file work01.txt (compact mmCIF, C-alpha atoms)
# COMPACT_ATOMS: atom_id res chain seq x y z
CA MET A 1 0.00 0.00 0.00
CA ALA A 2 1.27 3.45 -0.91
CA SER A 3 2.15 5.77 1.95
CA LEU A 4 1.65 9.52 2.08
CA ASP A 5 4.44 11.89 1.13
CA ILE A 6 3.78 14.24 4.03
CA ASP A 7 5.89 17.06 2.56
CA GLU A 8 3.88 16.98 -0.67
CA VAL A 9 0.63 16.83 1.32
CA ARG A 10 1.51 19.86 3.42
CA ALA A 11 2.62 21.83 0.37
CA CYS A 12 -1.00 21.74 -0.81
CA PHE A 13 -2.14 23.82 2.20
CA PRO A 14 -0.81 27.38 2.27
CA SER A 15 -1.88 27.94 5.88
CA LEU A 16 0.56 25.24 7.06
CA GLU A 17 3.56 27.28 5.91
CA SER A 18 3.33 29.31 9.13
CA GLY A 19 4.29 26.32 11.25
CA TYR A 20 1.20 26.72 13.42
CA ILE A 21 -0.07 23.32 14.61
CA TYR A 22 -3.73 22.92 13.68
CA ALA A 23 -5.18 20.32 16.05
CA ASP A 24 -8.85 21.38 16.02
CA ASN A 25 -9.54 19.79 12.65
CA ALA A 26 -12.81 18.16 13.73
CA GLY A 27 -14.10 21.73 13.91
CA GLY A 28 -12.87 22.49 10.41
CA SER A 29 -9.90 21.52 8.27
CA GLN A 30 -7.52 23.80 6.45
CA THR A 31 -8.38 24.53 2.83
CA ALA A 32 -6.44 23.00 -0.04
CA GLN A 33 -4.79 25.42 -2.48
CA GLY A 34 -6.74 23.97 -5.41
CA VAL A 35 -10.02 24.87 -3.72
CA ILE A 36 -8.82 28.40 -3.00
CA ASP A 37 -7.68 28.82 -6.61
CA ARG A 38 -11.02 27.77 -8.05
CA ILE A 39 -13.01 30.03 -5.73
CA VAL A 40 -10.82 33.01 -6.65
CA ASP A 41 -11.03 32.11 -10.34
CA TYR A 42 -14.81 31.85 -10.21
CA LEU A 43 -15.27 35.17 -8.41
CA THR A 44 -12.74 36.88 -10.67
CA ASN A 45 -13.89 35.59 -14.02
CA THR A 46 -17.39 34.04 -13.88
CA ASN A 47 -19.30 35.70 -11.05
CA VAL A 48 -22.65 36.10 -12.83
CA GLN A 49 -26.08 34.52 -12.55
CA LEU A 50 -26.52 31.07 -14.03
CA GLY A 51 -28.72 30.07 -16.94
CA ALA A 52 -28.36 33.00 -19.34
CA ASP A 53 -27.26 32.69 -22.98
CA TYR A 54 -24.31 35.08 -22.89
CA PHE A 55 -20.81 33.61 -22.81
CA VAL A 56 -19.81 34.30 -19.20
CA SER A 57 -23.09 32.92 -17.85
CA VAL A 58 -22.72 29.78 -19.97
CA LEU A 59 -19.23 29.24 -18.54
CA SER A 60 -20.41 29.99 -15.01
CA THR A 61 -23.24 27.47 -15.37
CA LYS A 62 -20.83 24.85 -16.69
CA ARG A 63 -18.51 25.34 -13.73
CA VAL A 64 -21.27 25.06 -11.14
CA ASP A 65 -22.66 21.99 -12.90
CA GLU A 66 -19.32 20.25 -12.29
CA GLY A 67 -19.82 20.36 -8.52
CA PRO A 68 -22.36 17.54 -8.18
CA PHE A 69 -20.13 15.18 -10.19
CA ALA A 70 -17.31 15.64 -7.67
CA ILE A 71 -19.55 15.17 -4.65
CA ALA A 72 -21.32 12.17 -6.19
CA GLU A 73 -17.90 10.53 -6.46
CA LEU A 74 -17.16 11.25 -2.80
CA PHE A 75 -20.51 9.77 -1.75
CA ASN A 76 -20.28 6.97 -4.37
CA ALA A 77 -23.76 8.08 -5.42
CA ALA A 78 -25.19 6.64 -8.63
CA SER A 79 -26.23 10.00 -10.10
CA ILE A 80 -25.69 13.72 -9.73
CA ASP A 81 -29.46 13.98 -9.20
CA GLU A 82 -28.86 12.45 -5.76
CA VAL A 83 -26.59 15.31 -4.60
CA VAL A 84 -27.80 18.52 -2.95
CA PHE A 85 -25.64 21.47 -1.87
CA GLY A 86 -26.34 23.79 1.03
CA PRO A 87 -24.72 26.15 3.55
CA SER A 88 -24.15 23.62 6.36
CA SER A 89 -24.92 20.08 7.44
CA THR A 90 -27.17 21.45 10.16
CA MET A 91 -29.23 23.39 7.64
CA MET A 92 -29.37 20.50 5.19
CA LEU A 93 -30.72 18.11 7.81
CA GLU A 94 -33.27 20.69 8.95
CA ASN A 95 -34.39 21.03 5.33
CA ILE A 96 -34.78 17.25 5.01
CA ALA A 97 -36.82 17.13 8.22
CA ARG A 98 -39.07 19.93 6.93
CA ALA A 99 -39.52 18.23 3.59
CA LEU A 100 -40.27 14.91 5.29
CA GLU A 101 -43.04 16.31 7.47
CA ASN A 102 -46.02 15.24 5.36
CA ASP A 103 -44.76 11.65 5.28
CA ILE A 104 -44.65 11.24 9.07
CA GLN A 105 -47.60 9.80 10.99
CA PRO A 106 -48.46 10.23 14.68
CA GLY A 107 -46.80 7.46 16.67
CA ASP A 108 -43.96 6.95 14.18
CA GLU A 109 -40.67 6.36 15.95
CA PHE A 110 -37.30 8.02 15.31
CA ILE A 111 -34.10 6.44 16.60
CA ILE A 112 -31.36 9.02 17.14
CA THR A 113 -27.95 9.06 18.86
CA TYR A 114 -26.35 11.29 21.47
CA GLU A 115 -24.11 12.79 18.79
CA HIS A 116 -23.94 16.23 17.16
CA GLU A 117 -27.20 18.14 17.45
CA ALA A 118 -27.27 18.66 13.67
CA ASN A 119 -28.57 15.08 13.28
CA ASN A 120 -30.69 15.22 16.45
CA GLY A 121 -32.43 18.58 16.68
CA PRO A 122 -34.27 18.43 13.33
CA TRP A 123 -35.75 15.03 14.21
CA LYS A 124 -36.74 16.06 17.74
CA ARG A 125 -38.50 19.12 16.37
CA LEU A 126 -40.16 17.06 13.63
CA ALA A 127 -41.33 14.53 16.21
CA GLU A 128 -42.87 17.32 18.26
CA ARG A 129 -44.68 18.76 15.23
CA ARG A 130 -46.02 15.36 14.10
CA ASN A 131 -46.54 13.63 17.47
CA ALA A 132 -43.85 11.09 16.71
CA VAL A 133 -41.73 9.30 19.33
CA VAL A 134 -37.97 9.74 19.82
CA LYS A 135 -35.79 6.88 21.03
CA TYR A 136 -32.10 7.20 21.87
CA TRP A 137 -29.31 4.86 20.84
CA GLN A 138 -27.01 5.50 23.79
CA PRO A 139 -23.28 4.77 23.92
CA THR A 140 -22.27 2.56 26.82
CA PRO A 141 -18.90 1.89 28.53
CA VAL A 142 -16.64 -0.84 27.17
CA SER A 143 -14.18 -0.81 30.10
CA ALA A 144 -14.98 -1.31 33.78
CA GLU A 145 -11.93 0.80 34.67
CA ASN A 146 -13.12 3.87 32.74
CA PRO A 147 -16.81 4.87 32.91
CA TYR A 148 -16.22 7.35 30.07
CA SER A 149 -15.05 4.62 27.67
CA VAL A 150 -18.35 4.68 25.82
CA ALA A 151 -19.11 3.31 22.38
CA TYR A 152 -22.17 2.56 20.25
CA LYS A 153 -23.08 -1.13 20.02
CA VAL A 154 -25.20 -2.45 17.15
CA GLU A 155 -27.00 -4.95 19.39
CA GLU A 156 -28.24 -2.06 21.55
CA LEU A 157 -29.51 -0.26 18.45
CA LEU A 158 -31.57 -3.29 17.46
CA GLN A 159 -33.35 -3.33 20.81
CA LEU A 160 -34.94 0.00 19.88
CA VAL A 161 -36.46 -1.18 16.58
CA SER A 162 -40.22 -1.82 16.52
CA SER A 163 -43.12 -2.00 14.11
CA ARG A 164 -43.43 1.80 14.40
CA THR A 165 -39.81 2.60 13.51
CA ARG A 166 -39.82 5.16 10.71
CA LEU A 167 -36.35 6.73 10.77
CA ALA A 168 -32.90 6.00 12.19
CA ALA A 169 -30.55 9.00 12.32
CA ILE A 170 -27.08 7.73 13.17
CA THR A 171 -23.50 8.89 12.91
CA ALA A 172 -20.72 7.22 10.93
CA CYS A 173 -18.09 8.62 13.29
CA SER A 174 -18.39 10.43 16.60
CA ASN A 175 -16.97 13.94 16.72
CA ILE A 176 -16.25 13.43 20.44
CA LEU A 177 -15.38 9.75 20.78
CA GLY A 178 -13.51 9.43 17.49
CA SER A 179 -14.94 5.95 17.08
CA LEU A 180 -16.27 4.68 13.76
CA VAL A 181 -19.71 3.11 13.62
CA PRO A 182 -19.92 0.09 11.28
CA VAL A 183 -22.60 1.73 9.13
CA GLU A 184 -23.11 -1.12 6.66
CA GLU A 185 -23.44 -3.71 9.43
CA ALA A 186 -25.72 -1.49 11.52
CA VAL A 187 -28.04 -0.58 8.64
CA LYS A 188 -28.30 -4.17 7.40
CA ALA A 189 -29.16 -5.44 10.88
CA LEU A 190 -31.59 -2.57 11.48
CA ARG A 191 -33.47 -3.17 8.23
CA GLN A 192 -33.69 -6.88 8.92
CA ARG A 193 -35.05 -6.29 12.44
CA ALA A 194 -37.53 -3.70 11.15
CA LYS A 195 -38.75 -6.18 8.54
CA GLU A 196 -39.22 -8.84 11.22
CA GLN A 197 -41.16 -6.33 13.34
CA GLY A 198 -43.41 -5.36 10.42
CA ALA A 199 -42.34 -1.73 10.11
CA ARG A 200 -44.09 -0.15 7.10
CA LYS A 201 -41.27 2.13 5.97
CA VAL A 202 -37.83 2.74 7.43
CA GLU A 203 -35.35 5.34 6.24
CA VAL A 204 -31.79 5.85 7.46
CA CYS A 205 -29.99 9.20 7.73
CA VAL A 206 -26.23 9.13 8.32
CA ASP A 207 -24.13 12.02 9.60
CA CYS A 208 -20.71 11.71 7.94
CA VAL A 209 -19.31 15.07 9.05
CA ALA A 210 -16.69 13.50 11.36
CA HIS A 211 -16.21 10.50 9.05
CA ALA A 212 -15.58 12.08 5.65
CA PRO A 213 -12.12 13.57 6.36
CA HIS A 214 -10.78 10.16 7.37
CA ARG A 215 -12.63 7.38 5.52
CA LYS A 216 -14.37 6.91 2.19
CA MET A 217 -18.14 7.16 2.14
CA ASP A 218 -20.22 4.64 0.19
CA VAL A 219 -23.95 5.35 0.27
CA GLN A 220 -24.73 2.50 -2.13
CA GLN A 221 -22.87 -0.12 -0.13
CA TRP A 222 -24.30 1.22 3.10
CA ASP A 223 -27.90 1.16 1.77
CA VAL A 224 -28.85 4.52 3.31
CA ASP A 225 -31.47 7.07 2.29
CA TYR A 226 -29.79 10.30 3.39
CA CYS A 227 -26.15 11.14 4.07
CA VAL A 228 -24.58 14.49 4.87
CA PHE A 229 -21.09 15.92 5.30
CA SER A 230 -19.43 19.34 5.52
CA LEU A 231 -16.95 20.25 2.82
CA TYR A 232 -15.08 22.63 5.13
CA LYS A 233 -14.03 19.59 7.15
CA VAL A 234 -12.82 17.80 4.02
CA TYR A 235 -10.29 20.43 2.90
CA GLY A 236 -12.87 22.59 1.12
CA ALA A 237 -14.77 25.81 1.85
CA HIS A 238 -17.74 26.55 4.10
CA ASN A 239 -20.59 24.60 2.55
CA ALA A 240 -22.12 21.15 2.82
CA ALA A 241 -23.61 18.40 0.68
CA VAL A 242 -26.25 15.76 1.20
CA TYR A 243 -27.05 12.53 -0.61
CA VAL A 244 -30.71 11.64 -1.09
CA ARG A 245 -31.81 8.25 -2.42
CA PRO A 246 -34.04 8.72 -5.50
CA ALA A 247 -36.96 6.84 -3.93
CA ALA A 248 -36.83 9.12 -0.91
CA MET A 249 -36.54 12.21 -3.11
CA GLN A 250 -39.64 11.25 -5.09
CA THR A 251 -41.94 9.70 -2.48
CA SER A 252 -40.91 10.90 1.00
CA LEU A 253 -40.03 14.55 0.55
CA THR A 254 -42.20 17.57 -0.24
CA SER A 255 -40.52 20.31 -2.26
CA LEU A 256 -39.09 23.32 -0.42
CA ALA A 257 -38.54 25.17 -3.70
CA HIS A 258 -40.79 27.76 -5.31
CA ASN A 259 -44.20 26.25 -6.01
CA PHE A 260 -44.04 26.83 -9.79
CA LEU A 261 -40.80 24.85 -10.20
CA LYS A 262 -41.22 21.23 -11.36
CA VAL A 263 -38.45 19.62 -9.31
CA ASP A 264 -40.07 16.59 -7.73
CA ASP A 265 -37.15 14.33 -8.61
CA LYS A 266 -34.38 16.93 -8.66
CA PRO A 267 -31.93 18.18 -5.98
CA TYR A 268 -33.42 21.66 -6.21
CA LYS A 269 -36.36 20.18 -4.30
CA LEU A 270 -34.25 20.65 -1.14
CA GLN A 271 -32.63 23.93 -2.19
CA PRO A 272 -34.91 26.89 -1.43
CA GLY A 273 -32.52 29.11 -3.37
CA GLY A 274 -29.27 28.46 -5.19
CA PRO A 275 -26.12 27.18 -3.51
CA GLY A 276 -23.06 29.41 -3.17
CA TYR A 277 -21.82 29.15 -6.75
CA GLU A 278 -18.15 29.83 -6.06
CA LEU A 279 -18.18 27.30 -3.21
CA VAL A 280 -19.71 24.61 -5.41
CA TYR A 281 -17.05 25.21 -8.04
CA GLY A 282 -14.37 25.19 -5.35
CA ALA A 283 -15.58 21.75 -4.30
CA THR A 284 -14.52 20.35 -7.66
CA ALA A 285 -10.89 20.56 -6.50
CA ILE A 286 -11.37 18.25 -3.50
CA VAL A 287 -11.46 14.93 -5.37
CA PRO A 288 -8.40 15.71 -7.53
CA TYR A 289 -6.50 16.66 -4.37
CA LEU A 290 -7.47 13.44 -2.59
CA LYS A 291 -6.65 11.30 -5.61
CA SER A 292 -3.24 12.96 -5.91
CA LEU A 293 -2.20 11.50 -2.56
CA THR A 294 -1.38 8.07 -4.03
CA PRO A 295 -0.03 6.82 -7.37
CA GLU A 296 -3.21 4.84 -8.02
CA ASP A 297 -5.15 8.09 -8.57
CA ASP A 298 -8.00 6.42 -6.69
CA LEU A 299 -10.09 7.51 -3.72
CA VAL A 300 -10.03 4.09 -2.05
CA ALA A 301 -6.23 3.96 -2.19
CA SER A 302 -5.95 7.53 -0.91
CA PHE A 303 -8.27 6.98 2.04
CA ASN A 304 -6.41 3.79 2.91
CA ALA A 305 -3.17 5.78 2.95
CA ILE A 306 -4.82 8.48 5.04
CA ALA A 307 -6.04 5.93 7.58
CA ASP A 308 -2.61 4.31 7.78
CA HIS A 309 -0.86 7.65 8.36
CA GLU A 310 -3.41 8.71 10.97
CA GLN A 311 -2.64 5.60 13.03
CA ASN A 312 0.91 6.92 13.35
CA LEU A 313 -0.52 10.15 14.75
CA LEU A 314 -2.88 8.38 17.10
CA ALA A 315 -0.30 6.07 18.67
CA PRO A 316 1.89 8.60 20.53
CA LEU A 317 -1.07 10.72 21.65
CA LEU A 318 -3.21 7.90 23.00
CA GLY A 319 -0.11 6.12 24.27
CA PHE A 320 0.72 9.11 26.46
CA LEU A 321 -2.81 9.78 27.70
CA THR A 322 -3.42 6.13 28.64
CA ASP A 323 -0.02 5.60 30.29
CA ALA A 324 -0.39 4.35 33.87
CA ARG A 325 1.07 7.60 35.25
CA GLN A 326 -1.56 9.68 33.48
CA VAL A 327 -4.37 7.34 34.50
CA ASP A 328 -3.21 7.67 38.12
CA ARG A 329 -3.18 11.43 37.57
CA GLY A 330 -6.88 11.27 36.68
CA VAL A 331 -6.77 11.35 32.88
CA ARG A 332 -9.72 9.52 31.33
CA ILE A 333 -10.24 9.08 27.62
CA VAL A 334 -13.82 9.83 26.57
CA GLY A 335 -14.35 6.98 24.14
CA THR A 336 -12.29 3.88 23.47
CA SER A 337 -8.51 3.74 23.90
CA GLU A 338 -7.60 1.18 21.26
CA ILE A 339 -5.06 2.27 18.67
CA ASN A 340 -6.51 0.67 15.56
CA LEU A 341 -8.62 1.35 12.49
CA SER A 342 -11.84 1.35 14.52
CA ARG A 343 -11.21 5.00 15.38
CA VAL A 344 -9.87 8.21 13.86
CA PRO A 345 -7.36 10.60 15.49
CA THR A 346 -10.02 12.65 17.24
CA VAL A 347 -9.13 12.20 20.91
CA SER A 348 -11.16 13.60 23.80
CA PHE A 349 -10.30 13.39 27.48
CA VAL A 350 -11.00 14.80 30.93
CA VAL A 351 -8.92 15.02 34.08
CA VAL A 352 -10.91 13.95 37.15
CA GLY A 353 -10.29 12.90 40.74
CA GLN A 354 -8.63 14.64 43.68
CA ASN A 355 -6.44 16.75 41.40
CA ALA A 356 -8.99 17.41 38.67
CA ILE A 357 -8.24 20.07 36.06
CA LYS A 358 -10.91 21.91 34.15
CA SER A 359 -10.86 21.27 30.42
CA LYS A 360 -10.91 25.03 29.93
CA ASP A 361 -7.70 25.40 31.96
CA ILE A 362 -5.85 22.72 29.99
CA VAL A 363 -6.72 24.43 26.72
CA GLY A 364 -5.85 27.77 28.30
CA ALA A 365 -2.33 26.50 29.01
CA PHE A 366 -1.94 25.67 25.31
CA ASP A 367 -3.27 29.09 24.32
CA LYS A 368 -0.82 30.79 26.66
CA LYS A 369 2.11 28.92 25.15
CA GLY A 370 0.91 29.64 21.62
CA GLY A 371 1.57 27.83 18.37
CA ILE A 372 -0.92 24.99 18.88
CA GLY A 373 -4.70 25.13 18.46
CA ILE A 374 -6.86 22.69 20.43
CA ARG A 375 -10.27 23.20 22.00
CA TYR A 376 -12.61 22.28 24.86
CA GLY A 377 -16.39 22.03 25.23
CA HIS A 378 -19.29 19.82 24.19
CA PHE A 379 -18.83 20.47 20.46
CA TYR A 380 -22.60 20.42 19.91
CA ALA A 381 -22.76 16.80 21.08
CA TYR A 382 -24.49 18.24 24.13
CA SER A 383 -26.54 15.15 24.95
CA LEU A 384 -23.50 12.89 24.85
CA ILE A 385 -21.52 14.98 27.35
CA ASP A 386 -24.58 15.68 29.51
CA ASN A 387 -25.37 11.97 29.88
CA LEU A 388 -21.88 10.73 30.78
CA ARG A 389 -21.57 9.34 34.29
CA PRO A 390 -20.01 10.34 36.63
CA LYS A 391 -21.50 13.69 35.64
CA LEU A 392 -19.32 16.24 33.90
CA ASP A 393 -19.80 19.98 33.63
CA VAL A 394 -21.35 20.02 30.16
CA ASN A 395 -20.11 23.53 29.40
CA ASP A 396 -16.54 22.70 30.39
CA GLY A 397 -16.95 19.45 28.49
CA VAL A 398 -13.86 17.64 27.27
CA VAL A 399 -10.47 18.53 25.89
CA ARG A 400 -10.44 17.53 22.22
CA ILE A 401 -7.35 17.10 20.07
CA SER A 402 -8.36 16.31 16.51
CA LEU A 403 -5.84 15.51 13.81
CA VAL A 404 -5.97 14.79 10.08
CA HIS A 405 -3.58 13.48 7.48
CA TYR A 406 -1.61 16.71 7.02
CA ASN A 407 -0.57 16.63 10.67
CA THR A 408 2.81 15.09 11.46
CA VAL A 409 4.22 12.84 14.17
CA GLU A 410 6.53 15.71 15.11
CA GLU A 411 3.51 17.92 15.72
CA VAL A 412 1.95 15.26 17.92
CA GLU A 413 5.16 15.02 19.93
CA LYS A 414 5.01 18.79 20.54
CA ILE A 415 1.40 18.46 21.71
CA VAL A 416 2.39 15.63 24.05
CA ASN A 417 5.24 17.72 25.48
CA VAL A 418 2.80 20.49 26.41
CA LEU A 419 0.38 17.96 27.88
CA ARG A 420 3.25 16.55 29.96
CA GLU A 421 3.89 20.00 31.43
CA VAL A 422 0.22 20.75 32.09
CA LEU A 423 -0.44 17.40 33.74
CA ALA A 424 2.75 17.32 35.82

call {"tool": "encode", "arguments": {"input": "work01.txt", "output": "structure tokens"}}
result
Amino acid sequence: MASLDIDEVRACFPSLESGYIYADNAGGSQTAQGVIDRIVDYLTNTNVQLGADYFVSVLSTKRVDEGPFAIAELFNAASIDEVVFGPSSTMMLENIARALENDIQPGDEFIITYEHEANNGPWKRLAERRNAVVKYWQPTPVSAENPYSVAYKVEELLQLVSSRTRLAAITACSNILGSLVPVEEAVKALRQRAKEQGARKVEVCVDCVAHAPHRKMDVQQWDVDYCVFSLYKVYGAHNAAVYVRPAAMQTSLTSLAHNFLKVDDKPYKLQPGGPGYELVYGATAIVPYLKSLTPEDDLVASFNAIADHEQNLLAPLLGFLTDARQVDRGVRIVGTSEINLSRVPTVSFVVVGQNAIKSKDIVGAFDKKGGIGIRYGHFYAYSLIDNLRPKLDVNDGVVRISLVHYNTVEEVEKIVNVLREVLA
């Protein structure tokens, strides 16, 4: 398997030239030069309204039309008609929930997680409007020694399925725990259990925001109906994209577009207004960048190389935080501690016990030193933090260090050195 040339990778990100260590990547990645170039090019040379007959508008339309092809490849969607652009994953999921409203019956059941509120709030509000029922797939501890070692277990998801199950809104990767959910296995088991229970119609919505920077998405293999991710966390600009299965587009969703537009089977059905044109064109540079990472010029090969490199980042960080001296000090990983491909290098922890340290103060020590960006809080996974036991201060939350493939082992060593000082 090809490995990453980390110097070539970093050369694609102008912001990295400063030497600043970006370790808050789960909140947003740095932007690849190719994306920046296309946005500037669009705004400089083709910033006009789409759909006119004059030359610049024709070129502008052509450029924006290229966007769905790139995102369809990232999703492994079958058609560009399954791809919708929007300003954020939160907004896209709210739009889906609004469009789904007429297809929800009183008593229908939604299964949601304790993850980011983007894939929770829209369904809770929809349930309230339509008198549906919300059930929670809760993460549970995997280690008796660490009550915060929580993970999502498929067998516990299946216990929630009934004849009234209508929707399951799950995550592919936790933005707090860093653990990957086996989406294909979970969806297959869920659909089988729903069939056995006699559920009339079950749709699955997957949040891939924390997954997409680290692993390849495959909506066809996963057999899901909706899937969303944020391009600004996958080396692009501030916009998002959602996959919608054609059957769901045509039969489950009511159009949010202007009433005179005939878009029942088109992405515009979920776009009450056009997407940011320059951002859509900028997105066309993401796939070429990712493919350039390996000689195979292939997304699968590139994501395999990314995953392999990220294990090298994960090892020294988790190795330090789970060392017996740090455990005795009160350090507890929030999530699992295994260093393997079941997780990405998003690492959250707290310091508890007699010599507890507030998460805010740990991050403050980094800020005082300068040169490294990490963060603390609940990161909009409010329910997850609020339901951990022993209880944590939800506003202080966890310390989160989140890395991606352009980070280096040397950067991780610098982070560990600061942690060693703070925890001494």

call {"tool": "residues_around", "arguments": {"input": "work01.txt", "residues": "Val134 (chain A)", "least_positions_apart": "5", "cutoff": "12 Å", "atoms": "all atoms listed in the file", "output": "MDAnalysis selection string"}}
result
chainID A and resid 106:114 120:128 160:161 164:169

call {"tool": "residues_near_point", "arguments": {"input": "work01.txt", "point": "(-15.9, 26.7, -18.8)", "cutoff": "12 Å", "atoms": "all atoms listed in the file", "output": "ChimeraX atom specification"}}
result
/A:38,41-42,45-46,55-66,281

call {"tool": "residues_around", "arguments": {"input": "work01.txt", "residues": "region 329-338 of chain A", "least_positions_apart": "4", "cutoff": "10 Å", "atoms": "all atoms listed in the file", "output": "PDB file with C-alpha atoms, in the coordinates of the input"}}
result
ATOM      1  CA  PRO A 139     -23.280   4.770  23.920  1.00  0.00           C
ATOM      2  CA  THR A 140     -22.270   2.560  26.820  1.00  0.00           C
ATOM      3  CA  PRO A 141     -18.900   1.890  28.530  1.00  0.00           C
ATOM      4  CA  VAL A 142     -16.640  -0.840  27.170  1.00  0.00           C
ATOM      5  CA  SER A 143     -14.180  -0.810  30.100  1.00  0.00           C
ATOM      6  CA  GLU A 145     -11.930   0.800  34.670  1.00  0.00           C
ATOM      7  CA  ASN A 146     -13.120   3.870  32.740  1.00  0.00           C
ATOM      8  CA  PRO A 147     -16.810   4.870  32.910  1.00  0.00           C
ATOM      9  CA  TYR A 148     -16.220   7.350  30.070  1.00  0.00           C
ATOM     10  CA  SER A 149     -15.050   4.620  27.670  1.00  0.00           C
ATOM     11  CA  VAL A 150     -18.350   4.680  25.820  1.00  0.00           C
ATOM     12  CA  ALA A 151     -19.110   3.310  22.380  1.00  0.00           C
ATOM     13  CA  TYR A 152     -22.170   2.560  20.250  1.00  0.00           C
ATOM     14  CA  SER A 174     -18.390  10.430  16.600  1.00  0.00           C
ATOM     15  CA  ILE A 176     -16.250  13.430  20.440  1.00  0.00           C
ATOM     16  CA  LEU A 177     -15.380   9.750  20.780  1.00  0.00           C
ATOM     17  CA  GLY A 178     -13.510   9.430  17.490  1.00  0.00           C
ATOM     18  CA  SER A 179     -14.940   5.950  17.080  1.00  0.00           C
ATOM     19  CA  LEU A 314      -2.880   8.380  17.100  1.00  0.00           C
ATOM     20  CA  ALA A 315      -0.300   6.070  18.670  1.00  0.00           C
ATOM     21  CA  LEU A 318      -3.210   7.900  23.000  1.00  0.00           C
ATOM     22  CA  GLY A 319      -0.110   6.120  24.270  1.00  0.00           C
ATOM     23  CA  LEU A 321      -2.810   9.780  27.700  1.00  0.00           C
ATOM     24  CA  THR A 322      -3.420   6.130  28.640  1.00  0.00           C
ATOM     25  CA  ASP A 323      -0.020   5.600  30.290  1.00  0.00           C
ATOM     26  CA  ALA A 324      -0.390   4.350  33.870  1.00  0.00           C
ATOM     27  CA  ARG A 325       1.070   7.600  35.250  1.00  0.00           C
ATOM     28  CA  SER A 342     -11.840   1.350  14.520  1.00  0.00           C
ATOM     29  CA  ARG A 343     -11.210   5.000  15.380  1.00  0.00           C
ATOM     30  CA  THR A 346     -10.020  12.650  17.240  1.00  0.00           C
ATOM     31  CA  VAL A 347      -9.130  12.200  20.910  1.00  0.00           C
ATOM     32  CA  SER A 348     -11.160  13.600  23.800  1.00  0.00           C
ATOM     33  CA  PHE A 349     -10.300  13.390  27.480  1.00  0.00           C
ATOM     34  CA  VAL A 350     -11.000  14.800  30.930  1.00  0.00           C
ATOM     35  CA  VAL A 351      -8.920  15.020  34.080  1.00  0.00           C
ATOM     36  CA  VAL A 352     -10.910  13.950  37.150  1.00  0.00           C
ATOM     37  CA  GLY A 353     -10.290  12.900  40.740  1.00  0.00           C
ATOM     38  CA  GLN A 354      -8.630  14.640  43.680  1.00  0.00           C
ATOM     39  CA  ASN A 355      -6.440  16.750  41.400  1.00  0.00           C
ATOM     40  CA  ALA A 356      -8.990  17.410  38.670  1.00  0.00           C
ATOM     41  CA  ILE A 357      -8.240  20.070  36.060  1.00  0.00           C
ATOM     42  CA  ILE A 385     -21.520  14.980  27.350  1.00  0.00           C
ATOM     43  CA  LEU A 388     -21.880  10.730  30.780  1.00  0.00           C
ATOM     44  CA  VAL A 398     -13.860  17.640  27.270  1.00  0.00           C
ATOM     45  CA  VAL A 399     -10.470  18.530  25.890  1.00  0.00           C
ATOM     46  CA  ARG A 400     -10.440  17.530  22.220  1.00  0.00           C
ATOM     47  CA  LEU A 423      -0.440  17.400  33.740  1.00  0.00           C
ATOM     48  CA  ALA A 424       2.750  17.320  35.820  1.00  0.00           C
TER      49      ALA A 424
END

call {"tool": "residues_around", "arguments": {"input": "work01.txt", "residues": "Gln220 (chain A)", "least_positions_apart": "4", "cutoff": "8 Å", "atoms": "all atoms listed in the file", "output": "number ranges by chain"}}
result
A: 76-78, 224

call {"tool": "atom_distance", "arguments": {"input": "work01.txt", "atom1": "CA of Ala307 (chain A)", "atom2": "CA of His214 (chain A)"}}
result
6.4 Å

call {"tool": "residues_around", "arguments": {"input": "work01.txt", "residues": "Leu313 (chain A)", "least_positions_apart": "5", "cutoff": "7 Å", "atoms": "only C-alpha atoms", "output": "tab-separated table (two decimals) with C-alpha atoms, in the frame of the given file"}}
result
chain	number	residue	atom	x	y	z
A	345	PRO	CA	-7.36	10.60	15.49
A	408	THR	CA	2.81	15.09	11.46
A	409	VAL	CA	4.22	12.84	14.17
A	412	VAL	CA	1.95	15.26	17.92

call {"tool": "closest_residue", "arguments": {"input": "work01.txt", "among": "A:Asn95, A:Ser89, A:Ser252, A:Ser402", "to": "Asp265 (chain A)", "atoms": "only C-alpha atoms"}}
result
A:Ser252

call {"tool": "decode", "arguments": {"input": "work01.txt", "residues": "region 218-222 of chain A", "atoms": "N, CA, C and O atoms", "output": "CSV table (one decimal), in the first residue's frame"}}
result
chain,number,residue,atom,x,y,z
A,218,ASP,N,-19.7,5.5,1.2
A,218,ASP,CA,-20.2,4.6,0.2
A,218,ASP,C,-21.7,4.4,0.4
A,218,ASP,O,-22.1,3.4,1.1
A,219,VAL,N,-22.5,5.4,0.0
A,219,VAL,CA,-23.9,5.3,0.3
A,219,VAL,C,-24.6,4.1,-0.4
A,219,VAL,O,-25.7,3.7,0.2
A,220,GLN,N,-24.1,3.7,-1.5
A,220,GLN,CA,-24.7,2.5,-2.1
A,220,GLN,C,-24.5,1.2,-1.3
A,220,GLN,O,-25.4,0.4,-1.1
A,221,GLN,N,-23.2,1.1,-0.9
A,221,GLN,CA,-22.9,-0.1,-0.1
A,221,GLN,C,-23.6,-0.1,1.2
A,221,GLN,O,-24.0,-1.1,1.7
A,222,TRP,N,-23.7,1.1,1.8
A,222,TRP,CA,-24.3,1.2,3.1
A,222,TRP,C,-25.8,1.1,3.1
A,222,TRP,O,-26.4,0.8,4.1
